Amino acid sequence: MDRIRIVGGNELHGVIPISGAKNAALPLMIASLLTDDTLTLENVPHLADVEQLIRILGNHGADISVNGRRERQGESYARTIHFTSRNIVSTTAPYELVSKMRASFWVIGPLLAREGKARVSLPGGCAIGTRPVDLFIDGLTALGANIEIDGGYVNATAPAGGLAGGRYVFPKVSVGATHVLMMAATLANGTTVLGNAAREPEVVDLAKCLNAMGAKITGQGTSTITVEGVPSLSGARHRVLPDRIETGTYAMAVAMTGGDVILEDTDASLLETALEAIRRTGAEISETNSGIRIVRNGAGIKPVDIVTDPFPGFPTDLQAQFMGLMTKSSGVSHITETIFENRFMHVQELARLGAKISLSGQTAKVEGVSRLKGAPVMATDLRASVSLVIAGLAAEGETMVSRVYHLDRGFERLEEKLTRCGAHVERVSD
Ligand code: EPZ
């Protein structure tokens, strides 16, 4: 199994190209099931989660072709992928596939809307929390679906004439349930109004793509989304938006090591709250024509408190990385996680590098230390694992991160991007 070896101590200098967003690419790929025409997605990152979803969509009958010629983008490669689901050959998403990646549960929306039925395995819990599916069930029921749970599967059927427009107010903001209800409502009879909807940029990107396919969605990016159902959707060509979590991660890496890096092909407006928190730690951040420049020279890292929240708040997907940064701050910071109940598994691993962190309920108190020391550490989930990389970059000596497959789910060419900026990071295959 691969491991990542980091020798800390180097500043980062150079340019890092930012990939297309994993969390936009996944729902966009699933949206291709809504039409028998071809949906072409550009700027799709090459990640384990994308490959897994390709297998899942293939199981439903999608014909998928990846452009032989990879589109050059700085030092990275973005792919263009064509998805054609002329015929849906199966409306079942089996446990073996869904259990590997929670987002695959989201096929329930398009399958139900287009085929009138879907049988999708419950995704189950995962390392960061229990993550139930009650909001999906209640929301789809509001569109007229009949839903039963049996033998670990969600069996959903639409009424004879298809799903009907409805009104649903999410009791809690959910990115995935917003994606699913928006997709399902595109083909429903009549108008759907979703209240307390997620406002994440990835929801806006999905709405943009669905509208290019002929859907009638308004209000995306606000908490009320209105979807006027249409009889069918067509194909489209859409470019996946930049990955704001990858952007924030590398910005925090530079704030940690010091240096001067341009993050290319990204957009500061996707992560204002996180960038503001990084600025308050003492780093300078400015916008360039095609991205963001981040500089930290000499000055230490100031402690900053953060609380995770749905967009436009501080993203939970950057919480672990920010904690990594705070381990070397010049004081005490508090990090509060409000989205997932168990997203602090990086704490004990960061402690192995010498970090001083104590947990009280949903808040971590981080007492900055002047030096971290390299150690063997274990990745526990995608974002937790990259927080260990950030800490390792500033630790003395060698840090060896095992269970790297977590990183490969969401960070494209991580070691290459960091190495080109002067870091000592390599993949070790045993
Ligand atoms: C998306 O997950 C992201 N995944 C997550 O990124 C991200 O952490 C999360 O949104 C929050 O921003 C993708 O986009 C593929 P939610 P999602 O539904 O949609 C609760 C990463 O590292 N909830 O917004 O699954 C849930 O338990 C991943 O890239 C219910 O209670 O998250 C959580 O507490 C990890 N019932 C909260 O809502 C439901 O039916 C928000 O979860 C659904 C969710």
# chains A, B, ... in the order shown; residues from 1 in each chain; ligands from 1

call {"tool": "residues_near_ligand", "arguments": {"ligand": "ligand 1", "cutoff": "6 Å", "atoms": "only C-alpha atoms and all ligand atoms", "output": "list in words"}}
result
Asn23, Ala103, Thr130, Arg131, Pro132, Val133, Asp134, Leu135, Phe136, Ser174, Val175, Gly176, Ala177, Thr316, Asp317, Ile339, Phe340, Leu382 and Arg383 of chain A

call {"tool": "write_last_selection", "arguments": {"atoms": "N, CA and C atoms", "output": "PDB file, in the first residue's frame"}}
result
ATOM      1  N   ASN A  23     -16.281  17.645  -5.574  1.00  0.00           N
ATOM      2  CA  ASN A  23     -17.650  17.658  -5.073  1.00  0.00           C
ATOM      3  C   ASN A  23     -18.642  18.334  -6.011  1.00  0.00           C
ATOM      4  N   ALA A 103     -21.604   9.430  -2.035  1.00  0.00           N
ATOM      5  CA  ALA A 103     -22.272  10.243  -3.061  1.00  0.00           C
ATOM      6  C   ALA A 103     -22.983   9.385  -4.101  1.00  0.00           C
ATOM      7  N   THR A 130     -22.477   9.623  11.335  1.00  0.00           N
ATOM      8  CA  THR A 130     -23.501   8.644  10.949  1.00  0.00           C
ATOM      9  C   THR A 130     -24.102   8.961   9.579  1.00  0.00           C
ATOM     10  N   ARG A 131     -24.245  10.202   9.247  1.00  0.00           N
ATOM     11  CA  ARG A 131     -24.728  10.657   7.941  1.00  0.00           C
ATOM     12  C   ARG A 131     -25.982   9.911   7.465  1.00  0.00           C
ATOM     13  N   PRO A 132     -27.112  10.180   8.080  1.00  0.00           N
ATOM     14  CA  PRO A 132     -28.356   9.514   7.675  1.00  0.00           C
ATOM     15  C   PRO A 132     -28.887  10.012   6.320  1.00  0.00           C
ATOM     16  N   VAL A 133     -30.006   9.413   5.847  1.00  0.00           N
ATOM     17  CA  VAL A 133     -30.576   9.822   4.552  1.00  0.00           C
ATOM     18  C   VAL A 133     -32.026  10.279   4.699  1.00  0.00           C
ATOM     19  N   ASP A 134     -32.417  10.637   5.936  1.00  0.00           N
ATOM     20  CA  ASP A 134     -33.813  11.012   6.170  1.00  0.00           C
ATOM     21  C   ASP A 134     -34.272  12.199   5.321  1.00  0.00           C
ATOM     22  N   LEU A 135     -33.376  13.147   5.073  1.00  0.00           N
ATOM     23  CA  LEU A 135     -33.789  14.334   4.315  1.00  0.00           C
ATOM     24  C   LEU A 135     -34.083  13.986   2.856  1.00  0.00           C
ATOM     25  N   PHE A 136     -33.330  13.030   2.319  1.00  0.00           N
ATOM     26  CA  PHE A 136     -33.578  12.585   0.939  1.00  0.00           C
ATOM     27  C   PHE A 136     -34.970  11.945   0.871  1.00  0.00           C
ATOM     28  N   SER A 174     -28.471  20.423   3.780  1.00  0.00           N
ATOM     29  CA  SER A 174     -27.756  19.252   3.272  1.00  0.00           C
ATOM     30  C   SER A 174     -27.391  19.470   1.810  1.00  0.00           C
ATOM     31  N   VAL A 175     -26.101  19.371   1.539  1.00  0.00           N
ATOM     32  CA  VAL A 175     -25.618  19.555   0.164  1.00  0.00           C
ATOM     33  C   VAL A 175     -26.171  18.440  -0.727  1.00  0.00           C
ATOM     34  N   GLY A 176     -25.983  17.190  -0.281  1.00  0.00           N
ATOM     35  CA  GLY A 176     -26.383  16.048  -1.106  1.00  0.00           C
ATOM     36  C   GLY A 176     -27.885  16.012  -1.346  1.00  0.00           C
ATOM     37  N   ALA A 177     -28.684  16.265  -0.308  1.00  0.00           N
ATOM     38  CA  ALA A 177     -30.133  16.206  -0.480  1.00  0.00           C
ATOM     39  C   ALA A 177     -30.599  17.349  -1.385  1.00  0.00           C
ATOM     40  N   THR A 316     -16.535  22.755   6.501  1.00  0.00           N
ATOM     41  CA  THR A 316     -16.082  21.606   7.292  1.00  0.00           C
ATOM     42  C   THR A 316     -14.945  20.871   6.580  1.00  0.00           C
ATOM     43  N   ASP A 317     -14.948  20.908   5.258  1.00  0.00           N
ATOM     44  CA  ASP A 317     -13.908  20.193   4.504  1.00  0.00           C
ATOM     45  C   ASP A 317     -12.530  20.880   4.592  1.00  0.00           C
ATOM     46  N   ILE A 339     -20.894  20.577  11.626  1.00  0.00           N
ATOM     47  CA  ILE A 339     -21.581  19.826  10.554  1.00  0.00           C
ATOM     48  C   ILE A 339     -21.584  18.317  10.833  1.00  0.00           C
ATOM     49  N   PHE A 340     -20.427  17.767  11.157  1.00  0.00           N
ATOM     50  CA  PHE A 340     -20.329  16.324  11.409  1.00  0.00           C
ATOM     51  C   PHE A 340     -19.901  16.077  12.853  1.00  0.00           C
ATOM     52  N   LEU A 382     -10.357  11.659   4.021  1.00  0.00           N
ATOM     53  CA  LEU A 382      -9.739  12.481   2.978  1.00  0.00           C
ATOM     54  C   LEU A 382      -9.122  13.794   3.492  1.00  0.00           C
ATOM     55  N   ARG A 383      -9.929  14.584   4.175  1.00  0.00           N
ATOM     56  CA  ARG A 383      -9.421  15.905   4.589  1.00  0.00           C
ATOM     57  C   ARG A 383      -8.493  15.772   5.793  1.00  0.00           C
TER      58      ARG A 383
END

call {"tool": "residues_around", "arguments": {"residues": "Asp243 in chain A", "least_positions_apart": "3", "cutoff": "12 Å", "atoms": "only C-alpha atoms", "output": "mmCIF file with N, CA, C and O atoms, in the first residue's frame"}}
result
data_model
loop_
_atom_site.group_PDB
_atom_site.id
_atom_site.type_symbol
_atom_site.label_atom_id
_atom_site.label_comp_id
_atom_site.auth_asym_id
_atom_site.auth_seq_id
_atom_site.Cartn_x
_atom_site.Cartn_y
_atom_site.Cartn_z
ATOM 1 N N PRO A 17 -1.404 24.564 -9.976
ATOM 2 C CA PRO A 17 -2.674 24.585 -10.721
ATOM 3 C C PRO A 17 -3.764 23.885 -9.916
ATOM 4 O O PRO A 17 -3.541 22.800 -9.376
ATOM 5 N N ILE A 18 -4.919 24.506 -9.814
ATOM 6 C CA ILE A 18 -6.025 23.927 -9.048
ATOM 7 C C ILE A 18 -6.912 23.112 -9.992
ATOM 8 O O ILE A 18 -7.244 23.552 -11.093
ATOM 9 N N SER A 19 -7.296 21.945 -9.544
ATOM 10 C CA SER A 19 -8.100 21.028 -10.372
ATOM 11 C C SER A 19 -9.583 21.388 -10.308
ATOM 12 O O SER A 19 -10.002 22.216 -9.503
ATOM 13 N N GLY A 20 -10.353 20.717 -11.138
ATOM 14 C CA GLY A 20 -11.808 20.835 -11.056
ATOM 15 C C GLY A 20 -12.277 20.235 -9.738
ATOM 16 O O GLY A 20 -11.621 19.351 -9.172
ATOM 17 N N ALA A 21 -13.407 20.715 -9.234
ATOM 18 C CA ALA A 21 -13.872 20.305 -7.906
ATOM 19 C C ALA A 21 -14.450 18.896 -7.911
ATOM 20 O O ALA A 21 -15.399 18.622 -8.640
ATOM 21 N N LYS A 22 -13.894 18.050 -7.055
ATOM 22 C CA LYS A 22 -14.462 16.704 -6.884
ATOM 23 C C LYS A 22 -15.947 16.784 -6.525
ATOM 24 O O LYS A 22 -16.772 16.082 -7.111
ATOM 25 N N ASN A 23 -16.281 17.645 -5.574
ATOM 26 C CA ASN A 23 -17.650 17.658 -5.073
ATOM 27 C C ASN A 23 -18.642 18.334 -6.011
ATOM 28 O O ASN A 23 -19.847 18.334 -5.756
ATOM 29 N N ALA A 24 -18.132 18.918 -7.096
ATOM 30 C CA ALA A 24 -19.026 19.353 -8.180
ATOM 31 C C ALA A 24 -19.070 18.276 -9.245
ATOM 32 O O ALA A 24 -20.131 17.942 -9.776
ATOM 33 N N ALA A 25 -17.912 17.680 -9.556
ATOM 34 C CA ALA A 25 -17.855 16.671 -10.617
ATOM 35 C C ALA A 25 -18.795 15.500 -10.321
ATOM 36 O O ALA A 25 -19.492 15.015 -11.221
ATOM 37 N N ASN A 43 -12.765 19.598 -17.474
ATOM 38 C CA ASN A 43 -12.071 19.913 -16.214
ATOM 39 C C ASN A 43 -12.432 18.920 -15.105
ATOM 40 O O ASN A 43 -12.554 19.294 -13.941
ATOM 41 N N VAL A 44 -12.612 17.655 -15.483
ATOM 42 C CA VAL A 44 -12.933 16.629 -14.477
ATOM 43 C C VAL A 44 -11.622 16.149 -13.860
ATOM 44 O O VAL A 44 -10.717 15.721 -14.567
ATOM 45 N N PRO A 45 -11.503 16.210 -12.534
ATOM 46 C CA PRO A 45 -10.244 15.781 -11.910
ATOM 47 C C PRO A 45 -10.058 14.270 -11.989
ATOM 48 O O PRO A 45 -11.043 13.534 -12.022
ATOM 49 N N GLU A 200 -24.044 26.069 -1.402
ATOM 50 C CA GLU A 200 -22.664 25.785 -1.802
ATOM 51 C C GLU A 200 -22.445 26.042 -3.294
ATOM 52 O O GLU A 200 -23.346 25.800 -4.116
ATOM 53 N N PRO A 201 -21.243 26.492 -3.675
ATOM 54 C CA PRO A 201 -20.943 26.741 -5.100
ATOM 55 C C PRO A 201 -21.183 25.500 -5.967
ATOM 56 O O PRO A 201 -21.518 25.622 -7.143
ATOM 57 N N GLU A 202 -21.024 24.301 -5.378
ATOM 58 C CA GLU A 202 -21.226 23.076 -6.160
ATOM 59 C C GLU A 202 -22.705 22.894 -6.503
ATOM 60 O O GLU A 202 -23.030 22.316 -7.546
ATOM 61 N N ASP A 205 -23.213 25.198 -9.386
ATOM 62 C CA ASP A 205 -22.619 24.628 -10.605
ATOM 63 C C ASP A 205 -23.543 23.558 -11.197
ATOM 64 O O ASP A 205 -23.727 23.489 -12.416
ATOM 65 N N VAL A 240 -16.436 21.937 -15.170
ATOM 66 C CA VAL A 240 -16.519 21.797 -13.708
ATOM 67 C C VAL A 240 -15.799 22.974 -13.039
ATOM 68 O O VAL A 240 -14.689 23.335 -13.436
ATOM 69 N N GLU A 246 -9.461 22.234 -2.444
ATOM 70 C CA GLU A 246 -8.045 22.094 -2.813
ATOM 71 C C GLU A 246 -7.366 23.466 -2.734
ATOM 72 O O GLU A 246 -6.243 23.590 -2.218
ATOM 73 N N THR A 247 -8.059 24.502 -3.188
ATOM 74 C CA THR A 247 -7.504 25.864 -3.136
ATOM 75 C C THR A 247 -7.164 26.244 -1.699
ATOM 76 O O THR A 247 -6.051 26.696 -1.396
ATOM 77 N N GLY A 248 -8.127 26.051 -0.807
ATOM 78 C CA GLY A 248 -7.917 26.411 0.596
ATOM 79 C C GLY A 248 -6.825 25.577 1.242
ATOM 80 O O GLY A 248 -6.049 26.064 2.071
ATOM 81 N N THR A 249 -6.750 24.317 0.844
ATOM 82 C CA THR A 249 -5.738 23.418 1.419
ATOM 83 C C THR A 249 -4.334 23.914 1.082
ATOM 84 O O THR A 249 -3.459 24.010 1.964
ATOM 85 N N TYR A 250 -4.099 24.233 -0.182
ATOM 86 C CA TYR A 250 -2.752 24.703 -0.552
ATOM 87 C C TYR A 250 -2.472 26.095 0.038
ATOM 88 O O TYR A 250 -1.339 26.402 0.397
ATOM 89 N N LEU A 263 -1.883 30.235 -6.771
ATOM 90 C CA LEU A 263 -2.829 29.132 -6.996
ATOM 91 C C LEU A 263 -3.591 29.506 -8.264
ATOM 92 O O LEU A 263 -4.332 30.493 -8.288
ATOM 93 N N GLU A 264 -3.370 28.717 -9.303
ATOM 94 C CA GLU A 264 -3.860 29.085 -10.629
ATOM 95 C C GLU A 264 -5.181 28.408 -10.956
ATOM 96 O O GLU A 264 -5.443 27.296 -10.482
ATOM 97 N N ASP A 265 -5.974 29.030 -11.831
ATOM 98 C CA ASP A 265 -7.255 28.470 -12.294
ATOM 99 C C ASP A 265 -8.231 28.265 -11.142
ATOM 100 O O ASP A 265 -8.907 27.235 -11.058
ATOM 101 N N THR A 266 -8.276 29.226 -10.254
ATOM 102 C CA THR A 266 -9.252 29.141 -9.173
ATOM 103 C C THR A 266 -9.862 30.512 -8.941
ATOM 104 O O THR A 266 -9.567 31.457 -9.691
ATOM 105 N N ASP A 267 -10.705 30.628 -7.922
ATOM 106 C CA ASP A 267 -11.492 31.842 -7.777
ATOM 107 C C ASP A 267 -11.711 32.124 -6.286
ATOM 108 O O ASP A 267 -12.341 31.324 -5.587
ATOM 109 N N ALA A 268 -11.195 33.271 -5.833
ATOM 110 C CA ALA A 268 -11.262 33.610 -4.403
ATOM 111 C C ALA A 268 -12.700 33.680 -3.899
ATOM 112 O O ALA A 268 -12.966 33.391 -2.727
ATOM 113 N N SER A 269 -13.641 34.037 -4.776
ATOM 114 C CA SER A 269 -15.021 34.220 -4.305
ATOM 115 C C SER A 269 -15.650 32.890 -3.859
ATOM 116 O O SER A 269 -16.687 32.883 -3.218
ATOM 117 N N LEU A 270 -15.008 31.766 -4.193
ATOM 118 C CA LEU A 270 -15.543 30.459 -3.787
ATOM 119 C C LEU A 270 -15.242 30.140 -2.320
ATOM 120 O O LEU A 270 -15.796 29.190 -1.773
ATOM 121 N N LEU A 271 -14.316 30.899 -1.715
ATOM 122 C CA LEU A 271 -13.914 30.536 -0.339
ATOM 123 C C LEU A 271 -13.518 31.747 0.490
ATOM 124 O O LEU A 271 -12.538 31.714 1.226
ATOM 125 N N GLY A 291 -6.342 33.562 -10.502
ATOM 126 C CA GLY A 291 -6.404 32.827 -9.246
ATOM 127 C C GLY A 291 -6.059 33.674 -8.038
ATOM 128 O O GLY A 291 -6.513 34.803 -7.901
ATOM 129 N N ASP A 317 -14.948 20.908 5.258
ATOM 130 C CA ASP A 317 -13.908 20.193 4.504
ATOM 131 C C ASP A 317 -12.530 20.880 4.592
ATOM 132 O O ASP A 317 -11.554 20.369 4.043
ATOM 133 N N LEU A 318 -12.463 22.037 5.259
ATOM 134 C CA LEU A 318 -11.156 22.691 5.484
ATOM 135 C C LEU A 318 -10.808 22.742 6.977
ATOM 136 O O LEU A 318 -9.796 23.320 7.361
ATOM 137 N N GLY A 410 -9.391 12.524 -3.241
ATOM 138 C CA GLY A 410 -9.766 13.919 -3.457
ATOM 139 C C GLY A 410 -8.666 14.891 -3.824
ATOM 140 O O GLY A 410 -8.946 16.073 -4.045
ATOM 141 N N PHE A 411 -7.413 14.450 -3.868
ATOM 142 C CA PHE A 411 -6.341 15.394 -4.217
ATOM 143 C C PHE A 411 -5.572 14.862 -5.414
ATOM 144 O O PHE A 411 -4.890 13.839 -5.321
ATOM 145 N N GLU A 412 -5.693 15.573 -6.530
ATOM 146 C CA GLU A 412 -5.071 15.133 -7.768
ATOM 147 C C GLU A 412 -3.592 15.530 -7.753
ATOM 148 O O GLU A 412 -3.266 16.692 -7.555
#

call {"tool": "residues_around", "arguments": {"residues": "Gln348 in chain A", "least_positions_apart": "5", "cutoff": "10 Å", "atoms": "only C-alpha atoms", "output": "ChimeraX atom specification"}}
result
/A:353-358,377-378

call {"tool": "atom_distance", "arguments": {"atom1": "CA of Ala215 in chain A", "atom2": "CA of Arg199 in chain A"}}
result
18.4 Å

call {"tool": "select_by_dssp", "arguments": {"residues": "range 42-147 of chain A", "states": "strand (DSSP E)", "output": "PDB file with C-alpha atoms, in the first residue's frame"}}
result
ATOM      1  CA  GLU A  42     -14.646  19.411 -18.970  1.00  0.00           C
ATOM      2  CA  ASN A  43     -12.071  19.913 -16.214  1.00  0.00           C
ATOM      3  CA  VAL A  44     -12.933  16.629 -14.477  1.00  0.00           C
ATOM      4  CA  ASP A  63     -21.624   4.798 -21.996  1.00  0.00           C
ATOM      5  CA  ILE A  64     -18.602   6.800 -20.863  1.00  0.00           C
ATOM      6  CA  SER A  65     -15.635   7.927 -22.892  1.00  0.00           C
ATOM      7  CA  VAL A  66     -12.686   9.848 -21.566  1.00  0.00           C
ATOM      8  CA  GLU A  71      -6.291  18.795 -21.826  1.00  0.00           C
ATOM      9  CA  ARG A  72      -3.082  20.423 -20.574  1.00  0.00           C
ATOM     10  CA  GLN A  73      -3.673  22.807 -17.717  1.00  0.00           C
ATOM     11  CA  SER A  76      -1.896  19.274 -14.131  1.00  0.00           C
ATOM     12  CA  TYR A  77      -4.258  17.454 -16.429  1.00  0.00           C
ATOM     13  CA  ALA A  78      -7.956  18.045 -16.586  1.00  0.00           C
ATOM     14  CA  ARG A  79      -9.993  15.520 -18.459  1.00  0.00           C
ATOM     15  CA  THR A  80     -13.009  15.892 -20.663  1.00  0.00           C
ATOM     16  CA  ILE A  81     -15.466  13.038 -20.202  1.00  0.00           C
ATOM     17  CA  HIS A  82     -18.579  12.233 -22.264  1.00  0.00           C
ATOM     18  CA  PHE A  83     -21.501  10.496 -20.552  1.00  0.00           C
ATOM     19  CA  THR A  84     -24.333   8.978 -22.584  1.00  0.00           C
ATOM     20  CA  THR A  92     -30.554  -0.741  -8.753  1.00  0.00           C
ATOM     21  CA  ALA A  93     -27.454   0.657  -7.089  1.00  0.00           C
ATOM     22  CA  LYS A 117     -38.253   3.747  -9.767  1.00  0.00           C
ATOM     23  CA  ALA A 118     -34.959   3.247  -8.007  1.00  0.00           C
ATOM     24  CA  ARG A 119     -33.568   0.677  -5.598  1.00  0.00           C
ATOM     25  CA  VAL A 120     -30.501   2.089  -3.907  1.00  0.00           C
ATOM     26  CA  SER A 121     -28.498   0.636  -1.058  1.00  0.00           C
ATOM     27  CA  ASN A 146     -43.438   6.225  -2.349  1.00  0.00           C
ATOM     28  CA  ILE A 147     -40.450   5.066  -0.345  1.00  0.00           C
TER      29      ILE A 147
END

call {"tool": "closest_residue", "arguments": {"among": "A:Ala283, A:Met345, A:Ala198, A:Val7", "to": "Pro312 in chain A", "atoms": "only C-alpha atoms"}}
result
A:Ala198
